[in-house]
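Here's protein_33.csv, which has CSV, C-alpha atoms:
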```csv
chain,number,residue,atom,x,y,z
A,1,HIS,CA,-48.0,-58.2,6.2
A,2,PHE,CA,-45.2,-58.7,8.6
A,3,CYS,CA,-42.7,-59.4,5.7
A,4,ALA,CA,-43.6,-56.1,4.0
A,5,ARG,CA,-42.4,-54.2,7.0
A,6,LEU,CA,-39.0,-53.6,8.4
A,7,VAL,CA,-38.1,-52.8,12.0
A,8,ARG,CA,-35.1,-50.3,12.1
A,9,PHE,CA,-33.3,-49.3,15.2
A,10,ASP,CA,-31.7,-46.0,14.7
A,11,GLU,CA,-29.9,-44.2,17.5
A,12,GLY,CA,-31.8,-46.0,20.2
A,13,THR,CA,-35.3,-45.3,18.8
A,14,SER,CA,-37.5,-47.9,17.1
A,15,GLU,CA,-39.0,-47.0,13.8
A,16,THR,CA,-41.2,-49.1,11.6
A,17,THR,CA,-41.0,-48.4,7.9
A,18,THR,CA,-42.7,-49.7,4.8
A,19,GLY,CA,-41.2,-50.1,1.3
A,20,ARG,CA,-41.6,-46.3,0.5
A,21,GLY,CA,-39.8,-45.5,3.8
A,22,ARG,CA,-37.0,-47.8,2.9
A,23,MET,CA,-36.5,-45.9,-0.3
A,24,MET,CA,-36.4,-42.6,1.5
A,25,LEU,CA,-33.9,-43.9,4.0
A,26,ALA,CA,-31.6,-45.2,1.2
A,27,SER,CA,-31.7,-41.8,-0.6
A,28,ARG,CA,-31.0,-40.0,2.7
A,29,ARG,CA,-28.1,-42.3,3.4
A,30,THR,CA,-26.6,-41.7,-0.1
A,31,GLN,CA,-26.8,-37.9,0.4
A,32,LEU,CA,-25.0,-38.1,3.8
A,33,GLN,CA,-22.3,-40.3,2.3
A,34,GLY,CA,-21.8,-37.7,-0.5
A,35,LYS,CA,-21.5,-34.9,2.0
A,36,ALA,CA,-18.9,-36.9,4.0
A,37,ARG,CA,-16.9,-37.5,0.8
A,38,VAL,CA,-16.9,-33.8,-0.1
A,39,ALA,CA,-15.8,-32.8,3.4
A,40,ALA,CA,-13.0,-35.4,3.4
A,41,GLY,CA,-11.4,-33.9,0.2
A,42,PRO,CA,-11.3,-34.3,-3.5
A,43,ALA,CA,-9.3,-37.5,-3.4
A,44,ALA,CA,-11.9,-39.3,-1.3
A,45,ALA,CA,-14.7,-37.8,-3.4
A,46,ALA,CA,-13.2,-39.0,-6.6
A,47,ARG,CA,-12.7,-42.6,-5.4
A,48,PRO,CA,-15.1,-43.4,-2.6
A,49,GLY,CA,-14.2,-47.0,-2.3
A,50,GLN,CA,-10.5,-46.4,-2.1
A,51,ALA,CA,-10.3,-46.0,1.7
A,52,LEU,CA,-12.5,-49.0,2.2
A,53,ARG,CA,-10.3,-51.2,0.0
A,54,ALA,CA,-7.2,-50.0,1.8
A,55,ARG,CA,-8.8,-50.8,5.2
A,56,GLN,CA,-9.8,-54.2,4.0
A,57,LEU,CA,-6.2,-54.9,2.9
A,58,GLY,CA,-5.1,-54.0,6.4
A,59,GLY,CA,-3.4,-50.7,5.7
A,60,GLY,CA,-6.0,-48.4,7.2
A,61,GLN,CA,-4.8,-45.6,4.9
A,62,PRO,CA,-6.3,-44.7,1.5
A,63,PHE,CA,-4.3,-45.7,-1.6
A,64,SER,CA,-3.9,-42.0,-2.7
A,65,ASN,CA,-2.3,-41.1,0.6
A,66,ILE,CA,0.0,-44.2,0.5
A,67,SER,CA,1.2,-43.3,-3.0
A,68,ALA,CA,1.7,-39.6,-2.1
A,69,SER,CA,3.7,-40.5,1.0
A,70,ARG,CA,6.0,-42.9,-0.9
A,71,PRO,CA,9.3,-41.2,-1.8
A,72,ALA,CA,9.9,-40.7,-5.6
A,73,PRO,CA,12.8,-42.7,-7.1
A,74,LYS,CA,16.0,-40.8,-7.3
A,75,MET,CA,17.5,-40.4,-10.8
A,76,VAL,CA,21.0,-41.1,-9.7
A,77,ALA,CA,22.4,-41.5,-13.3
A,78,LEU,CA,20.9,-38.2,-14.5
A,79,GLU,CA,22.1,-36.3,-11.4
A,80,ALA,CA,25.6,-37.6,-11.8
A,81,ALA,CA,25.6,-36.7,-15.5
A,82,ALA,CA,24.3,-33.2,-14.8
A,83,SER,CA,26.9,-32.7,-12.0
A,84,ASP,CA,29.8,-33.7,-14.2
A,85,VAL,CA,31.5,-31.0,-16.3
A,86,VAL,CA,31.8,-32.0,-19.9
A,87,GLU,CA,34.5,-30.4,-21.8
A,88,ALA,CA,33.7,-29.5,-25.4
A,89,VAL,CA,36.2,-30.9,-27.9
A,90,GLU,CA,36.7,-28.7,-30.9
A,91,ALA,CA,36.3,-30.6,-34.2
A,92,PRO,CA,39.1,-30.1,-36.8
A,93,GLN,CA,38.3,-27.4,-39.2
A,94,VAL,CA,37.7,-28.4,-42.8
A,95,SER,CA,38.4,-26.1,-45.7
A,96,ASP,CA,35.7,-25.5,-48.3
A,97,ARG,CA,38.0,-26.1,-51.2
A,98,GLU,CA,37.9,-29.5,-52.9
A,99,ALA,CA,40.1,-31.1,-55.5
A,100,VAL,CA,38.5,-33.6,-57.8
A,101,ALA,CA,39.6,-36.4,-60.1
A,102,TYR,CA,37.7,-38.4,-62.7
A,103,LEU,CA,38.3,-41.8,-64.4
A,104,ARG,CA,35.9,-42.5,-67.2
A,105,ASN,CA,34.8,-45.4,-69.3
A,106,LEU,CA,36.3,-48.2,-67.3
A,107,ARG,CA,35.4,-51.8,-68.0
A,108,GLY,CA,33.9,-53.6,-65.0
A,109,SER,CA,30.8,-53.8,-62.8
A,110,PRO,CA,30.0,-50.6,-60.9
A,111,ASN,CA,29.0,-52.7,-57.8
A,112,LYS,CA,32.5,-54.2,-57.5
A,113,VAL,CA,34.0,-50.7,-57.5
A,114,ARG,CA,31.4,-49.3,-55.0
A,115,ARG,CA,32.3,-51.8,-52.3
A,116,VAL,CA,35.9,-50.5,-52.3
A,117,LEU,CA,34.8,-46.8,-52.4
A,118,ASP,CA,32.5,-47.4,-49.4
A,119,ALA,CA,35.4,-48.8,-47.4
A,120,ILE,CA,37.8,-45.9,-48.0
A,121,ARG,CA,35.3,-43.0,-47.9
A,122,GLY,CA,36.2,-40.6,-45.1
A,123,MET,CA,39.8,-42.0,-44.7
A,124,SER,CA,42.9,-39.8,-44.8
A,125,TYR,CA,45.1,-39.9,-47.9
A,126,GLU,CA,47.7,-42.0,-46.3
A,127,GLU,CA,45.2,-44.5,-44.7
A,128,ALA,CA,43.5,-44.9,-48.1
A,129,LEU,CA,46.8,-45.7,-49.8
A,130,MET,CA,47.6,-48.4,-47.3
A,131,ALA,CA,44.1,-49.9,-47.5
A,132,LEU,CA,44.0,-50.0,-51.3
A,133,GLU,CA,47.5,-51.7,-51.4
A,134,PHE,CA,46.3,-54.7,-49.3
A,135,MET,CA,42.7,-55.1,-50.5
A,136,PRO,CA,42.2,-58.3,-52.6
A,137,TYR,CA,40.1,-56.6,-55.3
A,138,ARG,CA,41.0,-55.8,-58.9
A,139,ALA,CA,39.2,-52.5,-58.8
A,140,CYS,CA,41.8,-51.2,-56.3
A,141,ASP,CA,44.3,-50.5,-59.1
A,142,ASP,CA,41.9,-48.1,-60.9
A,143,ILE,CA,40.9,-46.4,-57.6
A,144,LEU,CA,44.5,-45.9,-56.7
A,145,LYS,CA,45.1,-44.0,-60.0
A,146,VAL,CA,42.1,-41.7,-59.2
A,147,LEU,CA,43.4,-41.1,-55.6
A,148,TYR,CA,46.9,-40.2,-56.9
A,149,SER,CA,45.4,-37.8,-59.4
A,150,ALA,CA,43.1,-36.1,-56.8
A,151,ALA,CA,46.0,-35.6,-54.4
A,152,ALA,CA,48.2,-34.1,-57.2
A,153,ASN,CA,45.4,-31.7,-58.2
A,154,ALA,CA,45.0,-30.6,-54.6
A,155,LYS,CA,48.7,-29.9,-54.3
A,156,ASN,CA,49.3,-28.2,-57.6
A,157,ASN,CA,46.0,-26.3,-58.0
A,158,TYR,CA,45.2,-25.3,-54.4
A,159,GLY,CA,48.6,-25.7,-52.6
A,160,MET,CA,47.2,-28.2,-50.1
A,161,ASN,CA,49.4,-30.5,-48.0
A,162,LYS,CA,49.0,-34.1,-48.9
A,163,SER,CA,49.5,-35.3,-45.3
A,164,LYS,CA,46.3,-33.4,-44.3
A,165,LEU,CA,44.1,-34.6,-47.2
A,166,TYR,CA,41.1,-36.9,-46.7
A,167,ILE,CA,38.5,-38.4,-49.1
A,168,SER,CA,35.4,-36.3,-48.6
A,169,ARG,CA,33.3,-37.7,-51.4
A,170,CYS,CA,33.6,-40.6,-53.9
A,171,TRP,CA,31.2,-42.6,-56.0
A,172,CYS,CA,30.9,-44.8,-59.0
A,173,ASP,CA,28.4,-44.3,-61.8
A,174,GLU,CA,27.3,-46.8,-64.5
A,175,GLY,CA,29.0,-46.4,-67.8
A,176,LYS,CA,28.4,-47.7,-71.3
A,177,LEU,CA,26.9,-51.2,-71.5
A,178,ILE,CA,28.6,-53.2,-74.4
A,179,LYS,CA,26.8,-56.2,-75.8
A,180,ARG,CA,28.7,-58.9,-77.6
A,181,PRO,CA,27.3,-62.1,-79.3
A,182,VAL,CA,28.2,-65.4,-77.7
A,183,ALA,CA,27.8,-68.8,-79.4
A,184,ARG,CA,25.5,-71.3,-77.7
A,185,ALA,CA,24.5,-74.9,-78.3
A,186,ARG,CA,22.6,-76.1,-81.4
A,187,GLY,CA,23.7,-73.2,-83.5
A,188,ARG,CA,22.1,-70.5,-81.4
A,189,SER,CA,23.6,-67.3,-80.2
A,190,ASP,CA,23.3,-65.3,-77.0
A,191,VAL,CA,24.3,-61.8,-75.8
A,192,ARG,CA,27.0,-61.1,-73.2
A,193,LYS,CA,26.7,-57.8,-71.5
A,194,LYS,CA,30.0,-56.0,-70.5
A,195,PRO,CA,29.2,-53.1,-68.1
A,196,GLY,CA,31.3,-50.0,-67.7
A,197,ASN,CA,31.7,-47.4,-64.9
A,198,HIS,CA,32.9,-43.9,-64.1
A,199,ILE,CA,34.7,-43.1,-60.9
A,200,THR,CA,34.6,-39.6,-59.2
A,201,MET,CA,36.6,-38.7,-56.2
A,202,TYR,CA,36.8,-35.4,-54.1
A,203,VAL,CA,39.5,-34.7,-51.5
A,204,LYS,CA,39.7,-32.0,-48.9
A,205,GLU,CA,42.2,-30.7,-46.4
A,206,ARG,CA,41.9,-30.9,-42.6
A,207,GLU,CA,43.4,-28.0,-40.7
```

Rewrite the structure of this file - the entire thing - as structure tokens.
Amino acid sequence: HFCARLVRFDEGTSETTTGRGRMMLASRRTQLQGKARVAAGPAAAARPGQALRARQLGGGQPFSNISASRPAPKMVALEAAASDVVEAVEAPQVSDREAVAYLRNLRGSPNKVRRVLDAIRGMSYEEALMALEFMPYRACDDILKVLYSAAANAKNNYGMNKSKLYISRCWCDEGKLIKRPVARARGRSDVRKKPGNHITMYVKERE
């Protein structure tokens, strides 16, 4: 019977409690702790073990208060960028008029022409002439003809200045595919495919 009882000393008074009494004391202690957390504030009520963990680590201050008292990092780069005055640079105006030139039914692979067109797209007229003169591709000769024709159309039809022209759009489409027989071994024959292409080029004037 002695093991079933618990002697509790509370505020200088001795009180002997049984198992039911221990349950009542535990529930009362839980209620008092809840009231203390509510009185301490919402941060302590939300995380009751926060202050205890902080004291165990030696801080003596809850983690929420420590993080709140820590100064926020300064965004030095953003403040410097916001303080600088950025001057707006006006882009050169481009006219809506376009001169076009076509070159149809050329013999050759469209992919070999496209690699050259991709390199000169967006260049000025003079830069494209210099680039095409020194590129080591056979398709440059045909593209030069189209570029000369587009610049001549821009000057004669729209009165544009050739020194202000640039290549706004250019592409190469697949043309007619010609099939020719080729002799093979043992008296057999095969087919050789000869692709064609069509080149289109637009030029505009920068003001």

How would you write as a ChimeraX atom specification the residues that get within 12 Å of (32.0, -47.8, -53.3) in the file's frame, counting only C-alpha atoms?
/A:109-122,139-140,143,169-173,197-201

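Of the residues listed (A:Arg97, A:Arg104, A:Lys162, A:Arg192), A:Lys162 shows the shortest atom-to-atom separation from Glu127 (chain A); distances use all atoms listed in the file.
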
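Taking CA of Arg206 (chain A) and CA of Ala131 (chain A) as endpoints, the distance between them is 19.7 Å.
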
Which residues are close to Asn157 (chain A), i.e. within 12 Å by all atoms listed in the file, leaving aside same-chain residues fewer than 6 positions away? Reply as an mmCIF file with C-alpha atoms, in the coordinates of the input.
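Okay, selection05.cif is ready:
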```cif
data_model
loop_
_atom_site.group_PDB
_atom_site.id
_atom_site.type_symbol
_atom_site.label_atom_id
_atom_site.label_comp_id
_atom_site.auth_asym_id
_atom_site.auth_seq_id
_atom_site.Cartn_x
_atom_site.Cartn_y
_atom_site.Cartn_z
ATOM 1 C CA ARG A 97 38.000 -26.100 -51.200
ATOM 2 C CA GLU A 98 37.900 -29.500 -52.900
ATOM 3 C CA ALA A 99 40.100 -31.100 -55.500
ATOM 4 C CA VAL A 100 38.500 -33.600 -57.800
ATOM 5 C CA SER A 149 45.400 -37.800 -59.400
ATOM 6 C CA ALA A 150 43.100 -36.100 -56.800
ATOM 7 C CA ALA A 151 46.000 -35.600 -54.400
#
```

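Taking CA of Pro136 (chain A) and CA of Ile178 (chain A) as endpoints, the distance between them is 26.2 Å.
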